[in-house]
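A.B. asks: Have a look at this one.
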Amino acid sequence: MTNMTEGSTTKILWKFSLPMLISVIFQQIYNIADTVIAGTYINSDALAAIGASYPITMIFIAVATGINIGASVIISQLFGGSHFEKMKTAVFTSLVTTIILSIIITILGVLFCDSILSVLKTPDGIFEDSSIYLEIYIFGMFFLFLYNICNGVFVALGDSKTPLCFLIVSSILNILLDIVFVEYFQMGISGIARATFIAQGVSSLFSAFILMRKLYYLKCGKYVIFSLSMLLKISRVAIPSILQQSFISVGNLFIQNKVNSFGEVVIAGYTAAIKLNTFSITSLTTLGSAVSSFAAQNFGAGKIERVKQCFKSGTVMMWIISVPFMICFLGFGTEMVGIFLSDGNEEIVEEGLKFLLITSPFYPIIAIKFVCDGILRGAGDMKRFMISTLTDFILRVVLAFILSVPFGEEGVWIAWPVGWVVASIMSYIFYIGGKWKKRFERGGTIK
C-alpha cells in the first residue's frame with residue numbers, strides 16, 4: 001500500500017501511474033486482439049459484428065468503472081485520513097453492492113440483448129453474430145464487475161502493481177484462447193466471446209482472493225460487512241461517476257446507431273478506428289484515476305497544496321503519454337487500421353483512417369480535462385465534474401446527427417473533437433475557479 005500524502009508529487013504520480021498504464025496497455029491489447037482475430041481469422045463481417053456490440057458492452061463497463069471510481073475515492077480519503085475501520089467497511093460494502101448489481105444487470109442484459117441490437121438498427125448480415133457475441137459477454141458480467149471493484153480498492157490503497165499482474169495473466173490467456181477457439185476449434189465469433197469470459201473469470205477470482213488476504217493483514221478495530229450509511233457516502237461519488245461513464249457510453253450508442261446507417265464498410269472501419277482511439281483515451285482516463293486517488297488521499301489528509309501540485313505534474317504526465325498516440329495515428333494510421341483486416345480492404349481502411357485523422361490531434365486537449373476531472377472527483381466536487389461531462393456527451397451526440405447530413409460519416413467524426421474541446425475548457429475553468437477547495441475549508445474530508 002502506498003501513502004501518497006508524503007514525498008515528491010511527480011515521483012509518486014509516475015511510480016503509482018506506470019503500473020496502471022501498463023495494465024491498461026495489456027487490457028487494450030487483448031481487446032484489440034479480439035477484433036484483430038475476428039477480422040483476420042474469420043472475416044470483415046465478424047469484425048463489424050463485434051463493432052455493433054461494442055457500444056453496448058461499453059455501457060456495462062461504464063457502470064462497473066463508475067462503481068470502481070466512486071468506491072476508490074471514498075476508500076482513498078479514508079485511507080489518507082487513517083480511518084481504517086471505516087475504510088474496511090467501505091470496501092466490503094462496495095463488494096456486496098457490486099455483486100448484487102452485477103447479477104441484476106446480467107438478467108436484464110440477457111432478456112433485452114436482441115431488442116437493443118434491433119433498436120440500434122444492426123444490419124441483418126451481422127445481427128446473428130452480434131447477438132451471439134453479446135449474450136456470451138453478458139454472462140460474464142459478474143466477473144467484469146468483481147474485477148473492477150477489486151481493482152478500484154487496490155488503487156485506492158496505493159497498490160497499482162497487483163492489478164497489473166492479474167491483467168498480464170488475463171491478457172495472455174485471452175489471446176491464447178482466442179487463437180485456440182477460433183483457429184483450431186473453429187468456434188467463430190462465439191469462441192472470441194468465450195475466451196474473454198474465461199480470462200475475465202480467472203483474473204477476477206484471483207483478484208478477489210488476493211484482496212481478501214491484503215485486508216486480513218491490515219489490522220484495525222471493529223468494522224461491518226455492509227453499512228447503508230457508508231453505501232450512501234459511496235453513492236454520492238459513485239452515482240455521478242456511473243452516470244458520467246454511462247453518458248459517454250450511451251452517447252456512443254446513439255453514434256453507433258448513426259454509423260450503422262452508413263452500412264457494413266463504415267461500421268468495420270469505425271470498429272477498427274474506435275478500438276485504437278479507445279486504447280489512447282482509456283490510457284488517459286486511467287492516468288486520470290491515478291490523479292483522483294492522489295488528490296483523494298491528500299484531500300483526506302488535509303494537504304490541499306499537494307493537490308494543487310498534482311495538477312501540474314499530472315498535466316505533464318498526460319501530455320507525455322498522449323502526444324505519442326497522436327503521432328502514431330497521424331503518421332501510421334493506415335498501417336494501424338490495416339492490422340484489423342486480412343484482405344486489406346481499402347475502403348474499410350480509409351474509413352477508419354478518417355476517424356483517426358480528425359480526432360487524434362485533440363488528445364493533448366482532452367488530456368487536460370482528465371487531469372481536472374481527477375482532481376474534482378478526488379475532492380468530491382461531483383457537480384462540476386458532471387456538468388463538463390454532460391456537455392461533452394450532448395455536443396457529441398447532437399452534432400453527430402446534425403453534421404452527418406452535409407458531411408456524411410465524416411460529420412460524425414467531427415463531433416468528437418468539438419465536444420472534447422468545449423468540455424476541456426469547462427473542466428479547466430472549474431479547476432482554477434477553486435470551488436472544490438471550499439469543501440476542504442468547510443471540513444469536507446470524510447471522518
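So you can find residues: chains in the C-alpha cells are A, B, ... in the order shown, residues in each start at 1, and ligands are numbered from 1 in order.
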Once you count only C-alpha atoms, what closest atom pair and distance in Å to one decimal does each residue of region 35-129 of chain A within 12 Å of region 194-215 of chain A have, with rows by chain and rising residue number, as CSV?

C.D. replies:
```
residue,atom,partner,partner_atom,distance
A:Thr35,CA,A:Thr196,CA,11.8
A:Ile37,CA,A:Ala195,CA,11.8
A:Phe84,CA,A:Leu215,CA,10.2
A:Glu85,CA,A:Leu215,CA,10.9
A:Met87,CA,A:Leu215,CA,10.1
A:Lys88,CA,A:Leu215,CA,7.5
A:Thr89,CA,A:Leu215,CA,10.9
A:Ala90,CA,A:Leu215,CA,11.9
A:Val91,CA,A:Leu215,CA,9.1
A:Phe92,CA,A:Met212,CA,9.8
A:Leu95,CA,A:Ala208,CA,9.5
A:Ile99,CA,A:Ala208,CA,11.7
```

A.B. asks: Grab the residues selected above and save them as a short mmCIF file (atom, residue, chain, number, x, y, z; two decimals), in the first residue's frame with all heavy atoms.

C.D. replies:
```
data_model
loop_
_atom_site.label_atom_id
_atom_site.label_comp_id
_atom_site.auth_asym_id
_atom_site.auth_seq_id
_atom_site.Cartn_x
_atom_site.Cartn_y
_atom_site.Cartn_z
N THR A 35 -10.60 -8.11 -31.79
CA THR A 35 -11.03 -7.51 -33.05
C THR A 35 -10.12 -7.95 -34.20
O THR A 35 -10.60 -8.24 -35.30
CB THR A 35 -10.99 -5.97 -32.94
OG1 THR A 35 -11.62 -5.58 -31.72
CG2 THR A 35 -11.73 -5.32 -34.09
N ILE A 37 -8.33 -10.73 -34.43
CA ILE A 37 -8.57 -12.14 -34.73
C ILE A 37 -9.89 -12.32 -35.46
O ILE A 37 -10.00 -13.13 -36.39
CB ILE A 37 -8.53 -12.97 -33.43
CG1 ILE A 37 -7.08 -13.01 -32.91
CG2 ILE A 37 -9.06 -14.39 -33.64
CD1 ILE A 37 -6.93 -13.57 -31.52
N PHE A 84 -9.11 3.45 9.36
CA PHE A 84 -9.03 2.12 8.78
C PHE A 84 -10.29 1.26 9.01
O PHE A 84 -10.63 0.43 8.17
CB PHE A 84 -7.79 1.39 9.31
CG PHE A 84 -6.50 2.06 8.94
CD1 PHE A 84 -5.55 2.35 9.89
CD2 PHE A 84 -6.25 2.41 7.62
CE1 PHE A 84 -4.36 2.98 9.55
CE2 PHE A 84 -5.07 3.03 7.26
CZ PHE A 84 -4.12 3.32 8.23
N GLU A 85 -10.97 1.45 10.16
CA GLU A 85 -12.19 0.69 10.39
C GLU A 85 -13.26 1.06 9.36
O GLU A 85 -13.89 0.18 8.75
CB GLU A 85 -12.73 0.96 11.81
CG GLU A 85 -11.83 0.46 12.93
CD GLU A 85 -10.75 1.47 13.28
OE1 GLU A 85 -10.73 2.56 12.66
OE2 GLU A 85 -9.93 1.16 14.17
N MET A 87 -12.67 2.42 6.55
CA MET A 87 -12.17 2.06 5.22
C MET A 87 -12.55 0.62 4.89
O MET A 87 -13.01 0.32 3.78
CB MET A 87 -10.65 2.23 5.18
CG MET A 87 -10.04 2.02 3.81
SD MET A 87 -8.30 1.55 3.91
CE MET A 87 -8.44 -0.17 4.42
N LYS A 88 -12.36 -0.30 5.85
CA LYS A 88 -12.74 -1.70 5.61
C LYS A 88 -14.25 -1.84 5.41
O LYS A 88 -14.70 -2.63 4.57
CB LYS A 88 -12.28 -2.58 6.77
CG LYS A 88 -10.81 -2.98 6.71
CD LYS A 88 -10.54 -4.15 7.64
CE LYS A 88 -9.12 -4.65 7.50
NZ LYS A 88 -8.83 -5.84 8.33
N THR A 89 -15.01 -1.07 6.17
CA THR A 89 -16.46 -1.09 5.99
C THR A 89 -16.82 -0.65 4.58
O THR A 89 -17.69 -1.25 3.93
CB THR A 89 -17.14 -0.16 7.01
OG1 THR A 89 -16.90 -0.65 8.33
CG2 THR A 89 -18.65 -0.09 6.77
N ALA A 90 -16.13 0.37 4.08
CA ALA A 90 -16.38 0.87 2.73
C ALA A 90 -16.03 -0.19 1.68
O ALA A 90 -16.74 -0.36 0.69
CB ALA A 90 -15.58 2.15 2.48
N VAL A 91 -14.93 -0.90 1.91
CA VAL A 91 -14.50 -1.93 0.96
C VAL A 91 -15.54 -3.04 0.86
O VAL A 91 -15.98 -3.41 -0.24
CB VAL A 91 -13.14 -2.53 1.38
CG1 VAL A 91 -12.82 -3.75 0.52
CG2 VAL A 91 -12.04 -1.49 1.25
N PHE A 92 -15.96 -3.58 2.00
CA PHE A 92 -16.90 -4.70 1.97
C PHE A 92 -18.29 -4.27 1.52
O PHE A 92 -19.00 -5.03 0.84
CB PHE A 92 -16.95 -5.37 3.35
CG PHE A 92 -15.75 -6.22 3.64
CD1 PHE A 92 -14.77 -5.79 4.52
CD2 PHE A 92 -15.58 -7.44 3.00
CE1 PHE A 92 -13.65 -6.56 4.78
CE2 PHE A 92 -14.47 -8.23 3.25
CZ PHE A 92 -13.49 -7.79 4.14
N LEU A 95 -18.09 -4.21 -2.22
CA LEU A 95 -18.08 -5.56 -2.79
C LEU A 95 -19.48 -6.18 -2.82
O LEU A 95 -19.91 -6.72 -3.84
CB LEU A 95 -17.13 -6.45 -1.99
CG LEU A 95 -15.63 -6.27 -2.24
CD1 LEU A 95 -14.82 -6.99 -1.17
CD2 LEU A 95 -15.25 -6.77 -3.62
N ILE A 99 -21.62 -7.03 -6.33
CA ILE A 99 -22.03 -8.39 -6.67
C ILE A 99 -23.54 -8.45 -6.96
O ILE A 99 -23.98 -9.03 -7.96
CB ILE A 99 -21.66 -9.37 -5.54
CG1 ILE A 99 -20.13 -9.55 -5.50
CG2 ILE A 99 -22.35 -10.72 -5.72
CD1 ILE A 99 -19.63 -10.30 -4.27
#
```

A.B. asks: Give me the region 235-302 of chain A side of the contact with region 50-72 of chain A, cut-off 8 Å, one line per residue showing its nearest atom pair and distance in Å at one decimal, counting only C-alpha atoms, sorted by chain and residue number, as a Markdown table.

C.D. replies:
```
| residue | atom | partner | partner_atom | distance |
| --- | --- | --- | --- | --- |
| A:Ser235 | CA | A:Gly70 | CA | 6.9 |
| A:Arg236 | CA | A:Gly70 | CA | 7.8 |
| A:Val237 | CA | A:Gly70 | CA | 4.7 |
| A:Ala238 | CA | A:Gly70 | CA | 3.6 |
| A:Ile239 | CA | A:Gly66 | CA | 7.1 |
| A:Pro240 | CA | A:Gly66 | CA | 7.8 |
| A:Ser241 | CA | A:Gly66 | CA | 4.6 |
| A:Ile242 | CA | A:Gly66 | CA | 3.9 |
| A:Leu243 | CA | A:Gly66 | CA | 7.5 |
| A:Gln244 | CA | A:Gly66 | CA | 7.7 |
| A:Gln245 | CA | A:Ala62 | CA | 4.7 |
| A:Ser246 | CA | A:Ala62 | CA | 5.3 |
| A:Ser249 | CA | A:Ile59 | CA | 5.2 |
| A:Val250 | CA | A:Ile59 | CA | 6.8 |
| A:Asn252 | CA | A:Pro55 | CA | 5.8 |
| A:Leu253 | CA | A:Pro55 | CA | 5.4 |
| A:Gln256 | CA | A:Pro55 | CA | 7.1 |
| A:Asn260 | CA | A:Ala52 | CA | 7.8 |
| A:Ile267 | CA | A:Gly51 | CA | 6.8 |
| A:Ala268 | CA | A:Gly51 | CA | 6.9 |
| A:Tyr270 | CA | A:Gly51 | CA | 7.7 |
| A:Thr271 | CA | A:Gly51 | CA | 4.8 |
| A:Ser289 | CA | A:Ile69 | CA | 7.4 |
| A:Ser293 | CA | A:Ser72 | CA | 7.1 |
```

A.B. asks: Can you pull out the residues contacting Ala415 (chain A)? Cut-off 8 Å, using only C-alpha atoms, and skip same-chain residues under 6 positions away; I want them as a JSON list (two decimals) with all heavy atoms, in the first residue's frame.

C.D. replies:
```
[["chain", "number", "residue", "atom", "x", "y", "z"],
["A", 395, "LEU", "N", -23.03, 17.53, -26.80],
["A", 395, "LEU", "CA", -22.46, 18.10, -28.03],
["A", 395, "LEU", "C", -22.11, 17.01, -29.04],
["A", 395, "LEU", "O", -22.41, 17.13, -30.23],
["A", 395, "LEU", "CB", -21.21, 18.91, -27.69],
["A", 395, "LEU", "CG", -21.44, 20.35, -27.22],
["A", 395, "LEU", "CD1", -20.12, 20.99, -26.83],
["A", 395, "LEU", "CD2", -22.12, 21.17, -28.31],
["A", 396, "ARG", "N", -21.46, 15.95, -28.56],
["A", 396, "ARG", "CA", -21.02, 14.90, -29.49],
["A", 396, "ARG", "C", -22.20, 14.21, -30.16],
["A", 396, "ARG", "O", -22.18, 13.95, -31.37],
["A", 396, "ARG", "CB", -20.15, 13.88, -28.77],
["A", 396, "ARG", "CG", -18.69, 14.27, -28.75],
["A", 396, "ARG", "CD", -17.79, 13.10, -28.46],
["A", 396, "ARG", "NE", -17.90, 12.65, -27.08],
["A", 396, "ARG", "CZ", -17.83, 11.38, -26.70],
["A", 396, "ARG", "NH1", -17.71, 10.44, -27.59],
["A", 396, "ARG", "NH2", -17.89, 11.07, -25.44],
["A", 397, "VAL", "N", -23.24, 13.93, -29.38],
["A", 397, "VAL", "CA", -24.39, 13.22, -29.95],
["A", 397, "VAL", "C", -25.18, 14.12, -30.89],
["A", 397, "VAL", "O", -25.49, 13.74, -32.02],
["A", 397, "VAL", "CB", -25.31, 12.70, -28.82],
["A", 397, "VAL", "CG1", -26.60, 12.13, -29.41],
["A", 397, "VAL", "CG2", -24.59, 11.64, -28.00],
["A", 399, "LEU", "N", -24.30, 16.96, -32.42],
["A", 399, "LEU", "CA", -23.54, 17.35, -33.60],
["A", 399, "LEU", "C", -23.32, 16.18, -34.56],
["A", 399, "LEU", "O", -23.24, 16.37, -35.77],
["A", 399, "LEU", "CB", -22.19, 17.95, -33.19],
["A", 399, "LEU", "CG", -22.25, 19.34, -32.55],
["A", 399, "LEU", "CD1", -20.86, 19.79, -32.12],
["A", 399, "LEU", "CD2", -22.86, 20.35, -33.51],
["A", 400, "ALA", "N", -23.21, 14.96, -34.02],
["A", 400, "ALA", "CA", -23.04, 13.78, -34.88],
["A", 400, "ALA", "C", -24.22, 13.66, -35.85],
["A", 400, "ALA", "O", -24.03, 13.36, -37.04],
["A", 400, "ALA", "CB", -22.91, 12.52, -34.03],
["A", 403, "LEU", "N", -24.24, 17.15, -38.20],
["A", 403, "LEU", "CA", -23.16, 17.26, -39.18],
["A", 403, "LEU", "C", -23.14, 16.10, -40.17],
["A", 403, "LEU", "O", -22.54, 16.21, -41.24],
["A", 403, "LEU", "CB", -21.81, 17.34, -38.46],
["A", 403, "LEU", "CG", -21.60, 18.58, -37.58],
["A", 403, "LEU", "CD1", -20.26, 18.51, -36.85],
["A", 403, "LEU", "CD2", -21.67, 19.86, -38.41]]
```

A.B. asks: Measuring between only C-alpha atoms, which one of A:Tyr41, A:Tyr30, A:Phe112, A:Tyr147 shows the shortest distance to Leu341 (chain A)?

C.D. replies: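 Among the listed residues, A:Tyr41 lies closest to Leu341 (chain A).
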